[in-house]
Structure formats: structure tokens, C-alpha cells
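Data block for start04.cif (mmCIF, C-alpha atoms and all ligand atoms):
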```cif
data_query
loop_
_atom_site.label_atom_id
_atom_site.label_comp_id
_atom_site.auth_asym_id
_atom_site.auth_seq_id
_atom_site.Cartn_x
_atom_site.Cartn_y
_atom_site.Cartn_z
CA MET A 314 19.82 -17.15 54.59
CA GLU A 315 18.60 -14.73 57.25
CA GLU A 316 15.23 -14.50 55.47
CA LEU A 317 14.95 -18.28 55.49
CA SER A 318 15.66 -18.58 59.19
CA LYS A 319 12.80 -16.13 59.86
CA ARG A 320 10.26 -18.44 58.22
CA LYS A 321 7.56 -19.65 60.57
CA GLN A 322 7.15 -22.90 58.78
CA ARG A 323 9.84 -25.37 57.80
CA PRO A 324 9.86 -26.04 54.07
CA GLN A 325 8.61 -29.50 53.13
CA ILE A 326 10.65 -30.63 50.18
CA LEU A 327 9.93 -33.75 48.18
CA LEU A 328 13.19 -34.94 46.60
CA GLY A 329 12.54 -37.22 43.63
CA VAL A 330 15.49 -39.43 42.74
CA THR A 331 15.52 -41.23 39.39
CA GLY A 332 17.77 -43.73 37.64
CA SER A 333 20.72 -41.59 36.69
CA VAL A 334 24.11 -42.58 38.04
CA ALA A 335 24.11 -39.13 39.69
CA ALA A 336 21.54 -40.56 42.12
CA VAL A 337 24.56 -41.45 44.27
CA LYS A 338 24.59 -37.74 45.17
CA ALA A 339 21.02 -37.86 46.48
CA PRO A 340 21.98 -38.42 50.15
CA GLU A 341 24.19 -35.31 50.04
CA ILE A 342 21.37 -33.31 48.45
CA ALA A 343 18.91 -34.49 51.12
CA VAL A 344 21.32 -33.74 53.97
CA ARG A 345 22.08 -30.26 52.65
CA LEU A 346 18.39 -29.45 52.24
CA VAL A 347 17.92 -30.26 55.94
CA ARG A 348 21.01 -28.39 57.07
CA GLU A 349 20.82 -25.31 54.85
CA PHE A 350 17.05 -24.75 54.81
CA ASN A 351 15.96 -26.53 57.96
CA ALA A 352 13.72 -28.51 55.64
CA HIS A 353 11.75 -31.66 56.14
CA VAL A 354 12.74 -33.88 53.25
CA ARG A 355 10.95 -36.88 51.82
CA VAL A 356 13.08 -38.79 49.35
CA LEU A 357 11.01 -40.57 46.70
CA LEU A 358 12.86 -43.15 44.60
CA SER A 359 11.70 -44.16 41.14
CA ALA A 360 12.31 -47.76 40.11
CA GLY A 361 15.53 -46.62 38.42
CA GLY A 362 16.49 -44.49 41.42
CA SER A 363 16.17 -47.53 43.71
CA ASN A 364 18.92 -49.24 41.69
CA PHE A 365 21.37 -46.50 42.65
CA TRP A 366 20.32 -45.51 46.19
CA GLU A 367 22.34 -48.15 48.04
CA LYS A 368 25.37 -47.43 45.83
CA ALA A 369 25.60 -44.01 47.42
CA GLU A 370 27.13 -45.57 50.54
CA GLU A 371 30.27 -46.53 48.68
CA TYR A 372 30.37 -43.24 46.71
CA ASP A 373 30.08 -40.88 49.67
CA LYS A 374 30.10 -42.67 53.03
CA GLU A 375 30.02 -39.46 55.06
CA ASN A 376 26.79 -38.13 53.57
CA TRP A 377 25.29 -41.61 53.42
CA ASP A 378 25.83 -42.03 57.17
CA LEU A 379 24.47 -38.57 57.90
CA CYS A 380 21.44 -39.25 55.76
CA GLN A 381 20.81 -42.58 57.52
CA ASP A 382 21.07 -40.80 60.88
CA TYR A 383 18.45 -38.30 59.75
CA ILE A 384 16.22 -41.10 58.42
CA THR A 385 16.41 -43.10 61.63
CA GLY A 386 16.07 -39.99 63.77
CA VAL A 387 19.48 -40.49 65.45
CA GLN A 388 20.34 -37.05 64.10
CA THR A 389 17.67 -34.39 64.42
CA SER A 390 17.49 -31.04 62.70
CA ASP A 391 18.00 -27.72 64.45
CA SER A 392 14.50 -26.38 64.87
CA ALA A 393 12.64 -27.20 68.05
CA GLU A 394 9.36 -25.92 66.59
CA SER A 395 8.84 -28.62 64.04
CA SER A 396 5.66 -28.33 61.98
CA THR A 397 5.77 -31.97 61.00
CA LYS A 398 6.54 -34.78 63.38
CA GLY A 399 9.03 -37.47 62.52
CA ALA A 400 12.57 -37.79 61.24
CA PRO A 401 13.94 -34.91 59.14
CA ILE A 402 14.44 -37.25 56.18
CA GLN A 403 12.00 -39.99 55.20
CA LEU A 404 12.48 -42.48 52.40
CA TYR A 405 9.76 -43.67 50.01
CA SER A 406 9.56 -45.84 46.93
CA SER A 407 6.71 -47.09 44.76
CA GLU A 408 6.45 -50.28 46.83
CA GLU A 409 4.99 -48.32 49.78
CA GLU A 410 2.13 -47.13 47.59
CA TRP A 411 0.60 -50.60 47.32
CA LYS A 412 1.63 -51.81 50.78
CA GLY A 413 -0.40 -48.96 52.27
CA TRP A 414 -3.49 -49.27 50.08
CA ASN A 415 -5.87 -52.17 50.61
CA ARG A 416 -9.34 -50.78 50.26
CA LEU A 417 -11.29 -47.67 49.27
CA GLY A 418 -10.76 -44.99 51.85
CA ASP A 419 -7.13 -45.92 52.53
CA PRO A 420 -4.64 -43.08 51.95
CA VAL A 421 -3.16 -42.79 48.47
CA LEU A 422 0.58 -42.19 48.77
CA HIS A 423 1.18 -40.12 45.65
CA ILE A 424 -1.66 -37.76 46.54
CA ASP A 425 -0.52 -37.52 50.17
CA LEU A 426 3.04 -36.72 49.05
CA ARG A 427 1.75 -34.15 46.57
CA ASP A 428 -0.30 -32.47 49.29
CA TRP A 429 2.53 -32.64 51.84
CA ALA A 430 5.20 -31.09 49.61
CA ASP A 431 5.72 -27.35 49.28
CA ILE A 432 8.31 -27.94 46.59
CA PHE A 433 9.09 -30.92 44.34
CA LEU A 434 12.75 -31.19 43.36
CA ILE A 435 13.71 -34.04 41.04
CA ALA A 436 17.49 -34.44 41.18
CA PRO A 437 18.74 -36.25 39.26
CA LEU A 438 16.08 -36.44 36.56
CA SER A 439 16.72 -39.29 34.12
CA ALA A 440 15.99 -39.07 30.39
CA HIS A 441 13.35 -41.75 30.91
CA THR A 442 11.43 -39.95 33.64
CA LEU A 443 11.81 -36.66 31.76
CA ALA A 444 10.09 -38.29 28.76
CA LYS A 445 7.36 -39.72 31.00
CA LEU A 446 6.66 -36.37 32.65
CA ALA A 447 6.50 -34.55 29.31
CA GLN A 448 4.04 -37.10 27.91
CA GLY A 449 1.96 -37.49 31.06
CA PHE A 450 2.84 -41.10 31.78
CA CYS A 451 2.48 -42.01 35.43
CA ASP A 452 3.34 -45.64 36.11
CA ASP A 453 5.13 -45.17 39.44
CA THR A 454 4.67 -43.05 42.55
CA LEU A 455 7.16 -40.38 41.46
CA SER A 456 5.56 -39.80 38.06
CA CYS A 457 2.07 -39.90 39.66
CA VAL A 458 3.09 -37.07 42.01
CA ALA A 459 4.38 -35.09 39.02
CA ARG A 460 1.19 -35.77 37.02
CA ALA A 461 -0.96 -34.67 39.96
CA TRP A 462 1.29 -31.69 40.78
CA ASP A 463 -0.34 -28.34 41.47
CA PHE A 464 0.39 -25.99 38.59
CA GLY A 465 -2.40 -23.62 39.60
CA TYR A 466 -4.94 -24.61 36.95
CA HIS A 467 -8.37 -22.97 37.31
CA SER A 468 -7.03 -21.16 40.39
CA THR A 469 -8.47 -23.91 42.60
CA ARG A 470 -5.12 -24.74 44.22
CA PRO A 471 -2.09 -22.47 44.22
CA ALA A 472 0.85 -23.40 41.98
CA LYS A 473 3.78 -24.99 43.76
CA PRO A 474 7.38 -24.96 42.50
CA LEU A 475 8.73 -27.91 40.51
CA LEU A 476 12.51 -28.02 40.07
CA LEU A 477 14.09 -30.42 37.61
CA ALA A 478 17.79 -31.25 37.48
CA PRO A 479 18.40 -33.51 34.47
CA ALA A 480 21.47 -35.75 34.36
CA MET A 481 22.34 -38.04 31.51
CA ASN A 482 24.88 -39.09 28.90
CA THR A 483 25.88 -36.29 26.47
CA ALA A 484 24.19 -37.91 23.47
CA MET A 485 20.99 -38.31 25.49
CA TRP A 486 21.18 -34.64 26.54
CA GLN A 487 21.83 -33.47 22.98
CA HIS A 488 19.02 -35.57 21.51
CA PRO A 489 16.28 -33.29 20.14
CA LEU A 490 13.69 -35.04 22.31
CA THR A 491 15.37 -33.72 25.46
CA PHE A 492 14.82 -30.11 24.45
CA GLN A 493 11.27 -30.85 23.30
CA HIS A 494 10.43 -32.59 26.57
CA LEU A 495 11.84 -29.74 28.67
CA GLN A 496 9.94 -27.18 26.62
CA THR A 497 6.72 -29.16 26.97
CA ILE A 498 7.11 -29.37 30.73
CA GLN A 499 7.81 -25.64 30.97
CA SER A 500 4.56 -25.03 29.12
CA PHE A 501 2.71 -26.69 32.02
CA VAL A 502 2.92 -23.41 33.98
CA SER A 503 -0.74 -22.43 34.17
CA ILE A 504 -2.03 -19.24 32.59
CA GLU A 505 -3.69 -18.53 35.94
CA SER A 506 -0.42 -18.60 37.86
CA ARG A 507 1.29 -16.48 35.17
CA GLN A 508 -1.47 -13.90 35.51
CA GLU A 509 -1.06 -13.90 39.26
CA GLY A 510 2.61 -13.08 38.72
CA GLU A 511 3.91 -16.30 40.28
CA LYS A 512 7.45 -16.49 39.02
CA ASN A 513 9.27 -19.53 37.78
CA SER A 514 7.07 -22.20 39.24
CA ILE A 515 8.84 -24.68 36.92
CA ARG A 516 12.62 -24.42 36.85
CA ILE A 517 15.19 -26.43 34.97
CA ILE A 518 18.56 -26.70 36.69
CA GLU A 519 20.79 -27.16 33.66
CA PRO A 520 23.33 -29.97 33.67
CA THR A 521 27.00 -29.24 33.48
CA SER A 522 29.94 -30.42 31.38
CA LYS A 523 32.54 -32.78 32.80
CA VAL A 524 33.92 -36.31 32.57
CA LEU A 525 30.75 -38.36 32.89
CA ALA A 526 30.47 -41.62 34.80
CA CYS A 527 30.52 -43.49 31.47
CA GLY A 528 33.98 -41.99 30.75
CA GLU A 529 32.81 -39.57 28.04
CA VAL A 530 33.50 -35.85 28.38
CA GLY A 531 30.60 -33.54 27.70
CA MET A 532 27.31 -31.95 28.75
CA GLY A 533 24.86 -33.92 30.80
CA ALA A 534 26.34 -34.25 34.28
CA LEU A 535 24.09 -33.28 37.18
CA ALA A 536 24.49 -29.62 38.14
CA SER A 537 26.70 -29.22 41.19
CA VAL A 538 25.00 -29.66 44.55
CA ASP A 539 25.97 -26.02 45.29
CA CYS A 540 24.08 -24.94 42.19
CA ILE A 541 21.01 -26.99 43.20
CA MET A 542 21.10 -25.41 46.69
CA ALA A 543 21.40 -21.91 45.18
CA GLU A 544 18.34 -22.54 43.02
CA MET A 545 16.43 -23.83 46.04
CA ALA A 546 17.41 -20.74 48.05
CA ASP A 547 16.09 -18.55 45.27
CA VAL A 548 12.79 -20.44 45.09
CA LEU A 549 12.34 -20.33 48.86
CA ALA A 550 13.05 -16.61 48.90
CA ILE A 551 10.05 -15.92 46.63
CA SER A 552 7.68 -18.75 47.63
CA PRO A 553 4.94 -17.92 50.12
CA LEU A 554 5.22 -20.99 52.37
C1 LIG B 1 25.02 -47.74 35.21
C2 LIG B 1 23.89 -46.96 34.59
C3 LIG B 1 23.93 -45.59 34.59
C4 LIG B 1 22.88 -44.86 34.05
N1 LIG B 1 22.94 -43.50 34.08
C5 LIG B 1 21.93 -42.79 33.54
C6 LIG B 1 21.98 -41.37 33.57
O1 LIG B 1 22.91 -40.74 34.08
N2 LIG B 1 20.92 -40.70 33.06
C7 LIG B 1 19.85 -41.32 32.51
O2 LIG B 1 18.94 -40.65 32.05
N3 LIG B 1 19.77 -42.67 32.47
C8 LIG B 1 20.79 -43.42 32.97
N4 LIG B 1 20.72 -44.79 32.95
C9 LIG B 1 19.52 -45.44 32.39
C10 LIG B 1 18.36 -45.42 33.38
O3 LIG B 1 18.74 -46.02 34.62
C11 LIG B 1 17.13 -46.13 32.81
O4 LIG B 1 16.67 -45.40 31.68
C12 LIG B 1 16.02 -46.29 33.80
O5 LIG B 1 14.95 -46.97 33.19
C13 LIG B 1 15.53 -44.97 34.37
O6 LIG B 1 14.49 -45.24 35.27
P1 LIG B 1 13.62 -44.12 35.97
O7 LIG B 1 13.48 -42.98 35.01
O8 LIG B 1 12.32 -44.79 36.25
O9 LIG B 1 14.31 -43.76 37.20
C14 LIG B 1 21.76 -45.53 33.49
C15 LIG B 1 21.72 -46.92 33.50
C16 LIG B 1 22.77 -47.63 34.04
C17 LIG B 1 22.69 -49.14 34.03
#
```
Conversion result in C-alpha cells:
Amino acid sequence: MEELSKRKQRPQILLGVTGSVAAVKAPEIAVRLVREFNAHVRVLLSAGGSNFWEKAEEYDKENWDLCQDYITGVQTSDSAESSTKGAPIQLYSSEEEWKGWNRLGDPVLHIDLRDWADIFLIAPLSAHTLAKLAQGFCDDTLSCVARAWDFGYHSTRPAKPLLLAPAMNTAMWQHPLTFQHLQTIQSFVSIESRQEGEKNSIRIIEPTSKVLACGEVGMGALASVDCIMAEMADVLAISPL
């Protein structure tokens, strides 16, 4: 933690939130990223994630309120030397992409978000978005960011960390496609970044076993928020921001 507080620059973390019921934990994740890493956080909802975002208020009112305070700027983060202006948490969905683009030359949201982010954390990652990312489909802003993500190919742009925290029903998790998709995504680490010794630029934060929201007991629940924070701390400790 001491190392992190010495950083000159505040980490800019893009938090992708997809249509798993665990998306109700997204406000807590966003708030903790601000508080524990002094991060700027942009929350990007997939279409599925948008269905769950508002439900977080009922699930965890305390973190929902804190998150709203960060979004509206009522609550600011600790650092006076902010590298990016604006509220510590900003909220995006695919709708903004088209609202903000009217003609050639206008900014393109998924490219701007890709360029802005030091780290892309998708938590929770649904089975559907996992499949899209593995196959290269990009029909919303979140999957466009992932498709355009910097994996360090041809050494033109340095690789940036991508952290994936899947969350789904046990049968979905145990389906052979899940393993195949995760393996495919891990193979996206560029040869160039491997040669340069960049470690773990793609990380899977394994789900855990518990009583799932559907009532079944088994593997597939989102990793604990503590576990996600620990993984982020590890990535930040080795990432040259
Ligand atoms: C109540 C409810 C809970 C769901 N929970 C999950 C889940 O935990 N994980 C998952 O992969 N899909 C879950 N789904 C299905 C996804 O929401 C659906 O596949 C959606 O298309 C995902 O969209 P996205 O990947 O674009 O976010 C759930 C659906 C409903 C209606």
C-alpha cells in the first residue's frame, strides 16, 4: 500500500460491468478502487450490466450512496494532485457512444476509454460477454474496448493489464466452452510483451463456490471483492503507470 501511495499518477481504471447478477456488487468495487488505490474509475455498463446497475441500490444501499456521491462529485477522493479532472467515478453505457458521435472527427467513445484506461477490469464478466470477447465480437462499447485493447502487438503500443472476474451459474461455469473461451483470451497476450517480460497482462480472477443467487450451491459466484482488490494491488505493484 505504501508503494501505491508513492505513485505520481493516479491509476485510471476502467471497470466493465456485465449482465451477471453479481453486478449488484459493482458500486462497492468502484468505491473500493477509489478508496484503496486512489484511482479514477470509469464504470462501463454492457447492455446486460445496465439491467442490474439500479438494483444495486436495494442490495447495498451504503455503497450505492457512496458511489453516487463519487459520481456526482459530492464526495471527492483524497489526492489533491489529480491527474484527471472530474468526479472520481464516472458512469458510461453504450448509449453515450452514439449520443456523442454525429460526424467524422467526433470522438469515438470506445477508443477514448481504451486510451484513457491504464487497466481494464471486467467484474463481473458474464458468460455471454466472455464468449464475445473470446470470439472477437464487439457489438457494444464494452466489447469494442476489449477488442481494441492494447495487448502489445508489434510493440507499437505497450500492453496494458486486462483483469477478468467471471460470475455465472455453476452449469455455465462448468460448460466446456467456458474453459475454452478463457484459454483463448489468455492466448491474446502478445509474443512481444512476453519477450519484454511483461508479467500477467491478462489475469483471470477465478470465481468462488457458494450459494448462488439462483439458489444452487456451487462454483461460479463472483470472487470476493477482497480477492478482486488483492489482484488489483498485485497488478498495480508491477505495472509501470
Ligand atoms: C436474473 C438474472 C441473473 C443472471 N445472472 C447471470 C450471471 O450471474 N452470469 C451470467 O453469465 N449471466 C447471467 N444472466 C444472463 C445474462 O444477463 C444474459 O446472458 C445477458 O445477455 C448478458 O449480457 P451482457 O454479457 O451483454 O452483459 C442472468 C440473467 C438474469 C435474468
Each residue of chain A lying at most 7 Å from ligand LIG 1 (chain B) should get a row with its shortest atom-to-atom pair and the distance in Å to one decimal, counting all atoms listed in the file; could you produce that, ordered by chain and increasing number, as a tab-separated table?
```
residue	atom	partner	partner_atom	distance
A:Thr331	CA	B:LIG1	O9	3.6
A:Gly332	CA	B:LIG1	O9	3.5
A:Ser333	CA	B:LIG1	C6	3.4
A:Val334	CA	B:LIG1	N1	4.2
A:Ala335	CA	B:LIG1	O1	6.0
A:Ser359	CA	B:LIG1	O9	4.7
A:Ala360	CA	B:LIG1	O8	4.9
A:Gly361	CA	B:LIG1	O9	3.3
A:Gly362	CA	B:LIG1	O9	4.8
A:Leu438	CA	B:LIG1	O2	6.8
A:Ser439	CA	B:LIG1	O2	3.3
A:Ala440	CA	B:LIG1	O2	3.7
A:His441	CA	B:LIG1	O7	4.3
A:Thr442	CA	B:LIG1	O7	3.9
A:Ala480	CA	B:LIG1	N2	5.1
A:Met481	CA	B:LIG1	N2	3.4
A:Asn482	CA	B:LIG1	O1	5.8
```
>> Would you compute the distance between atom CA of Gln493 of chain A and atom CA of Ser552 of chain A? Give it in Å to one decimal.
In response: 27.4 Å
> With only C-alpha atoms as the basis for distance, which of A:Gly329, A:Ile504, A:Gln499, A:Arg345 is at the shortest distance from Ser468 of chain A?
Replying inline: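 Counting only C-alpha atoms, the residue closest to Ser468 of chain A is A:Ile504.
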> Quick one: distance from atom CA of Ala472 of chain A to atom CA of Asp428 of chain A in Å, one decimal?
Replying inline: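 Computed distance, atom CA of Ala472 of chain A to atom CA of Asp428 of chain A, equals 11.7 Å.
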>> Please compute the atom CA of Pro340 of chain A-atom CA of Ala400 of chain A distance, one decimal, in Å.
In response: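 Between atom CA of Pro340 of chain A and atom CA of Ala400 of chain A the gap works out to 14.6 Å.
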>> My list of candidates is A:Ser506, A:Thr385, A:Met545, A:Ala484. Which is closest to Ile432 of chain A when distances are computed with only C-alpha atoms?
In response: A:Met545
> Taking only C-alpha atoms into account, which of A:Ala336, A:Leu357, A:Leu475, A:Leu422 comes nearest Tyr372 of chain A?
Replying inline: A:Ala336
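Distances to Pro489 of chain A were evaluated for A:Ala444, A:Ala536, A:Leu358, A:Leu417 using all atoms listed in the file, and the minimum falls at A:Ala444.
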> What's the 12 Å shell around Ile541 of chain A, counting all atoms listed in the file, without same-chain residues fewer than 5 positions away, as a PyMOL selection string?
Replying inline: chain A and resi 328+338-339+341-343+345-346+349+434-437+476-479+516-521+535-536+546-548
